[in-house]
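Novice: Just one file: run-v4.txt, with compact mmCIF, C-alpha atoms.
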# COMPACT_ATOMS: atom_id res chain seq x y z
CA MET A 13 109.67 143.72 145.91
CA LYS A 14 110.65 140.11 146.54
CA SER A 15 108.14 137.51 145.31
CA PRO A 16 107.04 134.71 147.67
CA SER A 17 109.32 131.67 147.73
CA SER A 18 106.53 129.40 146.40
CA LEU A 19 106.25 131.68 143.37
CA ASP A 20 110.03 131.50 142.87
CA PHE A 21 109.82 127.72 143.10
CA LEU A 22 107.01 127.62 140.49
CA THR A 23 108.97 129.94 138.19
CA GLU A 24 112.09 127.75 138.45
CA ALA A 25 109.99 124.64 137.77
CA LEU A 26 108.49 126.22 134.63
CA ARG A 27 111.98 127.13 133.40
CA ARG A 28 112.69 123.41 133.04
CA LEU A 29 110.41 123.34 129.99
CA PRO A 30 112.24 123.57 126.63
CA GLY A 31 112.33 127.06 125.14
CA ILE A 32 111.15 128.74 128.34
CA GLY A 33 113.50 131.39 129.70
CA PRO A 34 113.37 133.24 133.03
CA LYS A 35 110.99 136.00 131.86
CA SER A 36 108.56 133.60 130.15
CA ALA A 37 108.53 131.34 133.19
CA GLN A 38 107.85 134.32 135.44
CA ARG A 39 104.98 135.50 133.21
CA MET A 40 103.46 132.00 133.23
CA ALA A 41 103.74 131.71 137.01
CA TYR A 42 102.13 135.10 137.59
CA HIS A 43 99.40 134.37 135.03
CA LEU A 44 98.50 131.05 136.67
CA MET A 45 98.39 132.56 140.15
CA GLN A 46 96.57 135.75 139.15
CA HIS A 47 94.18 134.64 136.41
CA ASP A 48 93.89 130.85 136.32
CA ARG A 49 94.25 129.13 139.67
CA ASP A 50 91.87 126.38 138.52
CA GLY A 51 94.11 125.82 135.50
CA ALA A 52 97.16 125.72 137.78
CA ALA A 53 95.50 123.08 139.98
CA LEU A 54 94.54 121.06 136.88
CA LEU A 55 98.09 121.31 135.54
CA ALA A 56 99.53 120.22 138.88
CA HIS A 57 97.15 117.24 139.05
CA ALA A 58 97.85 116.22 135.43
CA LEU A 59 101.62 116.38 135.98
CA ALA A 60 101.43 114.37 139.21
CA GLN A 61 99.25 111.73 137.55
CA ALA A 62 101.51 111.50 134.49
CA VAL A 63 104.65 111.12 136.61
CA GLU A 64 102.97 108.40 138.66
CA LYS A 65 101.41 106.39 135.81
CA ILE A 66 103.57 106.81 132.71
CA HIS A 67 106.64 104.63 132.25
CA HIS A 68 108.50 102.92 129.39
CA CYS A 69 107.15 100.04 127.32
CA GLU A 70 109.13 96.88 128.05
CA ARG A 71 109.45 96.11 124.33
CA CYS A 72 109.79 99.41 122.46
CA ASN A 73 110.74 101.88 125.21
CA THR A 74 108.02 104.42 124.34
CA PHE A 75 105.70 105.97 126.93
CA THR A 76 102.82 103.84 128.18
CA GLU A 77 100.71 103.26 131.27
CA ASN A 78 100.94 99.48 130.82
CA ASP A 79 103.88 97.06 130.77
CA ILE A 80 103.59 96.82 126.97
CA CYS A 81 102.14 99.61 124.82
CA GLU A 82 99.15 99.31 122.50
CA THR A 83 101.31 99.47 119.36
CA CYS A 84 103.45 96.51 120.44
CA LEU A 85 100.29 94.53 121.31
CA ASP A 86 98.64 95.25 117.93
CA SER A 87 98.70 91.91 116.08
CA SER A 88 97.88 93.61 112.76
CA ARG A 89 101.28 95.33 112.68
CA ASP A 90 104.21 93.92 110.69
CA SER A 91 106.57 92.52 113.34
CA SER A 92 109.37 92.07 110.78
CA LEU A 93 109.82 95.87 110.53
CA LEU A 94 111.34 97.84 113.41
CA CYS A 95 111.50 101.62 113.06
CA VAL A 96 114.02 103.34 115.34
CA VAL A 97 113.16 106.90 116.38
CA GLU A 98 114.66 109.36 118.85
CA THR A 99 111.52 110.38 120.77
CA PRO A 100 107.87 109.42 121.29
CA GLY A 101 107.04 112.65 119.42
CA ASP A 102 108.92 111.34 116.36
CA GLN A 103 106.98 108.07 116.63
CA LEU A 104 103.71 110.00 116.70
CA MET A 105 104.65 111.96 113.57
CA ILE A 106 105.41 108.75 111.65
CA GLU A 107 102.14 107.22 112.83
CA GLN A 108 100.24 110.28 111.59
CA THR A 109 101.51 109.66 108.04
CA LEU A 110 99.52 106.37 107.99
CA THR A 111 102.26 104.86 105.77
CA TYR A 112 104.16 102.68 108.24
CA LYS A 113 102.61 99.52 109.67
CA GLY A 114 105.58 97.99 111.48
CA LEU A 115 106.73 98.28 115.10
CA TYR A 116 108.99 100.82 116.82
CA PHE A 117 111.88 101.30 119.17
CA VAL A 118 112.22 104.70 120.85
CA LEU A 119 115.77 105.66 121.86
CA MET A 120 114.71 108.54 124.14
CA GLY A 121 117.65 110.54 122.81
CA ARG A 122 120.59 110.39 120.42
CA LEU A 123 124.32 109.89 120.64
CA SER A 124 126.15 113.05 121.60
CA PRO A 125 129.66 112.42 122.93
CA LEU A 126 130.20 116.15 123.59
CA ASP A 127 127.24 116.05 125.99
CA GLY A 128 128.35 112.76 127.52
CA ILE A 129 125.52 110.76 125.87
CA GLY A 130 126.76 107.36 124.77
CA PRO A 131 125.21 104.06 123.57
CA LYS A 132 124.07 103.06 127.08
CA ASP A 133 122.14 106.34 127.43
CA ILE A 134 120.05 105.60 124.31
CA HIS A 135 119.19 102.05 125.44
CA LEU A 136 121.29 100.37 122.72
CA GLU A 137 121.42 97.02 124.54
CA LYS A 138 117.63 96.96 124.79
CA LEU A 139 117.38 97.86 121.08
CA ILE A 140 119.77 95.04 120.11
CA ALA A 141 117.76 92.55 122.17
CA ARG A 142 114.54 93.75 120.54
CA ALA A 143 115.95 93.71 117.00
CA THR A 144 117.45 90.23 117.36
CA ASP A 145 114.40 88.55 118.93
CA GLY A 146 113.84 86.46 115.79
CA SER A 147 110.92 88.36 114.28
CA VAL A 148 112.68 91.49 112.96
CA THR A 149 114.23 91.33 109.47
CA GLU A 150 114.59 95.05 108.71
CA VAL A 151 115.53 97.97 110.93
CA VAL A 152 114.31 101.34 109.61
CA LEU A 153 116.42 104.21 110.94
CA ALA A 154 114.28 107.31 111.40
CA THR A 155 116.57 109.44 113.53
CA ASN A 156 116.69 113.17 112.80
CA PHE A 157 118.96 114.59 110.12
CA THR A 158 121.13 116.48 112.58
CA ASN A 159 124.81 115.69 113.13
CA GLU A 160 123.90 113.72 116.27
CA GLY A 161 121.01 111.97 114.53
CA GLU A 162 123.24 110.98 111.61
CA ALA A 163 125.94 109.68 113.97
CA THR A 164 123.31 107.72 115.88
CA ALA A 165 121.92 106.23 112.66
CA HIS A 166 125.40 105.24 111.49
CA TYR A 167 126.30 103.62 114.81
CA ILE A 168 123.04 101.64 114.96
CA SER A 169 123.34 100.68 111.29
CA GLU A 170 126.78 99.15 111.81
CA THR A 171 125.59 97.42 115.00
CA MET A 172 122.61 95.85 113.21
CA LYS A 173 124.43 94.87 110.00
CA VAL A 174 126.96 92.73 111.87
CA ARG A 175 123.97 90.86 113.31
CA GLY A 176 122.67 90.08 109.82
CA LEU A 177 119.76 92.51 109.78
CA LYS A 178 118.76 94.60 106.78
CA VAL A 179 119.03 98.30 107.60
CA SER A 180 117.29 101.16 105.78
CA ARG A 181 117.22 104.91 106.39
CA LEU A 182 114.49 107.48 105.81
CA ALA A 183 115.05 109.26 102.51
CA ARG A 184 115.80 112.96 102.52
CA GLY A 185 114.95 115.53 99.94
CA VAL A 186 112.82 118.40 98.74
CA PRO A 187 109.71 118.87 100.91
CA VAL A 188 106.27 118.40 99.39
CA GLY A 189 105.22 121.73 97.93
CA GLY A 190 108.78 123.04 98.06
CA GLU A 191 110.14 125.10 95.18
CA LEU A 192 113.74 124.37 94.23
CA GLU A 193 114.60 128.06 94.13
CA TYR A 194 113.92 128.32 97.88
CA VAL A 195 115.41 124.98 99.01
CA ASP A 196 118.97 124.95 100.36
CA ALA A 197 121.69 123.38 98.23
CA GLY A 198 122.42 120.61 100.75
CA THR A 199 118.82 119.38 100.63
CA ILE A 200 118.78 119.45 96.82
CA ALA A 201 122.09 117.57 96.72
CA ARG A 202 120.73 114.90 99.07
CA ALA A 203 117.53 114.63 97.02
CA MET A 204 119.61 114.14 93.88
CA LEU A 205 121.72 111.42 95.54
CA ASP A 206 118.62 109.68 96.92
CA ARG A 207 116.68 109.90 93.65
CA ARG A 208 114.67 106.88 92.52
CA THR A 209 113.36 105.61 89.22
CA THR A 210 109.73 106.33 88.32
Once you've parsed the file, please lay out its structure as structure tokens.
Specialist:
Amino acid sequence: MKSPSSLDFLTEALRRLPGIGPKSAQRMAYHLMQHDRDGAALLAHALAQAVEKIHHCERCNTFTENDICETCLDSSRDSSLLCVVETPGDQLMIEQTLTYKGLYFVLMGRLSPLDGIGPKDIHLEKLIARATDGSVTEVVLATNFTNEGEATAHYISETMKVRGLKVSRLARGVPVGGELEYVDAGTIARAMLDRRTT
């Protein structure tokens, strides 16, 4: 039996979500149409509203409904610190630690030459303009510890150092509550190299 074209269209749309394959998308589409049409309508409305209202902050490139986001407008934040992250989700995680009180720049990606993602695709020119606006003295690199994240951090680090800015990188090491016996050797090695005096 062939499903209606609108159902096919919904299934294909759901497949665009990360980690959702054809079968999962099909199950979601059938569930919404069979058991939760109100939820489907709510989801459709929420998506349409988000697409219409959410754009990038003019200063830090994160998501906002205004020209400048609330974080950038917060006068209590330390404007001399600029933390560079890959995604708004990464920014949220750092905020939840309650340990960082500076400002942010969100790349919306990372360098990946194999995928055709270069400096222009991660808004490097906008980052340089933001970092050299006269108020920033230290750039904190908080990209992920993947090969692409490391390459991105290195590239940005070199770009900022030639402009006279101090550059720091998130430390890596053994997770809180982690037992050495169960931690991989690479993480232990990095923790040993990044050790600090107590």
Novice: Which of these, A:Tyr167, A:Phe117, A:Tyr42, A:Tyr112, has the shortest distance to Phe21 in chain A once you count only C-alpha atoms?
Specialist: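 Of the candidates, the smallest distance to Phe21 in chain A is held by A:Tyr42.
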Novice: When you draw a straight line from CA of Val179 in chain A to CA of Gly121 in chain A, how long is it in Å?
Specialist: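 Between these atoms lies a distance of 19.6 Å.
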Novice: A:Val188, A:Leu126, A:Leu115, A:Ile134: which is nearest Asp86 in chain A, counting only C-alpha atoms?
Specialist: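 Among the listed residues, the smallest separation from Asp86 in chain A belongs to A:Leu115.
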Novice: Leu123 in chain A: which residues within 8 Å, counting only C-alpha atoms, same-chain residues fewer than 4 positions away excluded, as a list in words?
Specialist: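 Surrounding residues, per the criterion: Ile129, Gly130, Pro131, Asp133, Ile134, Glu160, Gly161, Ala163 and Thr164 of chain A.
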Novice: Specify the axis-aligned box that encloses all atoms of range 81-84 of chain A listed in the file after padding of 5 Å on each side, stating its centre and edge lengths in Å to one decimal as AutoDock Vina command-line options.
Specialist:
--center_x 101.3 --center_y 98.1 --center_z 122.1 --size_x 14.3 --size_y 13.1 --size_z 15.5
Novice: Quick check, in Å to one decimal: how far apart do CA of Gly114 in chain A and CA of Ala62 in chain A lie?
Specialist: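 Spanning CA of Gly114 in chain A to CA of Ala62 in chain A is a straight-line distance of 27.0 Å.
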Novice: Please tell me which residues are no farther than 8 Å from (111.2, 108.3, 118.4) in the file, counting all atoms listed in the file, and write them as an MDAnalysis selection string.
Specialist: chainID A and resid 74 96:104 116:120 154:155
Novice: Can you measure CA of His47 in chain A to CA of Ala60 in chain A for me? One decimal in Å is fine.
Specialist: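 That distance, rounded to one decimal, is 21.7 Å.
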Novice: Quick one: residues within 12 Å of (116.0, 112.4, 96.7) (file frame), counting only C-alpha atoms, please, as a ChimeraX atom specification.
Specialist: /A:182-188,198-209
Novice: Write out as a PDB file with C-alpha atoms, in the coordinates of the input each polymer residue whose atoms come within 12 Å of Ala143 in chain A, counting only C-alpha atoms; drop sequence neighbours fewer than 3 positions from it.
Specialist:
ATOM      1  CA  ARG A  71     109.450  96.110 124.330  1.00  0.00           C
ATOM      2  CA  CYS A  72     109.790  99.410 122.460  1.00  0.00           C
ATOM      3  CA  SER A  91     106.570  92.520 113.340  1.00  0.00           C
ATOM      4  CA  SER A  92     109.370  92.070 110.780  1.00  0.00           C
ATOM      5  CA  LEU A  93     109.820  95.870 110.530  1.00  0.00           C
ATOM      6  CA  LEU A  94     111.340  97.840 113.410  1.00  0.00           C
ATOM      7  CA  CYS A  95     111.500 101.620 113.060  1.00  0.00           C
ATOM      8  CA  VAL A  96     114.020 103.340 115.340  1.00  0.00           C
ATOM      9  CA  LEU A 115     106.730  98.280 115.100  1.00  0.00           C
ATOM     10  CA  TYR A 116     108.990 100.820 116.820  1.00  0.00           C
ATOM     11  CA  PHE A 117     111.880 101.300 119.170  1.00  0.00           C
ATOM     12  CA  LEU A 136     121.290 100.370 122.720  1.00  0.00           C
ATOM     13  CA  GLU A 137     121.420  97.020 124.540  1.00  0.00           C
ATOM     14  CA  LYS A 138     117.630  96.960 124.790  1.00  0.00           C
ATOM     15  CA  LEU A 139     117.380  97.860 121.080  1.00  0.00           C
ATOM     16  CA  ILE A 140     119.770  95.040 120.110  1.00  0.00           C
ATOM     17  CA  GLY A 146     113.840  86.460 115.790  1.00  0.00           C
ATOM     18  CA  SER A 147     110.920  88.360 114.280  1.00  0.00           C
ATOM     19  CA  VAL A 148     112.680  91.490 112.960  1.00  0.00           C
ATOM     20  CA  THR A 149     114.230  91.330 109.470  1.00  0.00           C
ATOM     21  CA  GLU A 150     114.590  95.050 108.710  1.00  0.00           C
ATOM     22  CA  VAL A 151     115.530  97.970 110.930  1.00  0.00           C
ATOM     23  CA  VAL A 152     114.310 101.340 109.610  1.00  0.00           C
ATOM     24  CA  ILE A 168     123.040 101.640 114.960  1.00  0.00           C
ATOM     25  CA  SER A 169     123.340 100.680 111.290  1.00  0.00           C
ATOM     26  CA  THR A 171     125.590  97.420 115.000  1.00  0.00           C
ATOM     27  CA  MET A 172     122.610  95.850 113.210  1.00  0.00           C
ATOM     28  CA  LYS A 173     124.430  94.870 110.000  1.00  0.00           C
ATOM     29  CA  ARG A 175     123.970  90.860 113.310  1.00  0.00           C
ATOM     30  CA  GLY A 176     122.670  90.080 109.820  1.00  0.00           C
ATOM     31  CA  LEU A 177     119.760  92.510 109.780  1.00  0.00           C
ATOM     32  CA  LYS A 178     118.760  94.600 106.780  1.00  0.00           C
ATOM     33  CA  VAL A 179     119.030  98.300 107.600  1.00  0.00           C
TER      34      VAL A 179
END
Novice: Limit the output to C-alpha atoms and give range 52-71 of chain A as a short mmCIF file (atom, residue, chain, number, x, y, z; two decimals), in the first residue's frame.
Specialist:
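Just written: decode24.cif:
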data_model
loop_
_atom_site.label_atom_id
_atom_site.label_comp_id
_atom_site.auth_asym_id
_atom_site.auth_seq_id
_atom_site.Cartn_x
_atom_site.Cartn_y
_atom_site.Cartn_z
CA ALA A 52 1.45 17.79 15.11
CA ALA A 53 -0.36 21.12 14.70
CA LEU A 54 1.50 22.54 17.72
CA LEU A 55 4.82 21.33 16.32
CA ALA A 56 4.06 22.84 12.91
CA HIS A 57 3.12 26.17 14.50
CA ALA A 58 6.20 26.21 16.75
CA LEU A 59 8.51 25.46 13.81
CA ALA A 60 6.91 28.13 11.62
CA GLN A 61 7.18 30.70 14.42
CA ALA A 62 10.80 29.81 15.18
CA VAL A 63 11.82 30.05 11.51
CA GLU A 64 10.11 33.42 11.22
CA LYS A 65 11.38 35.00 14.46
CA ILE A 66 14.77 33.50 15.29
CA HIS A 67 17.90 34.89 13.66
CA HIS A 68 21.55 35.53 14.59
CA CYS A 69 22.73 38.07 17.15
CA GLU A 70 24.61 40.88 15.40
CA ARG A 71 27.42 40.72 17.96
#
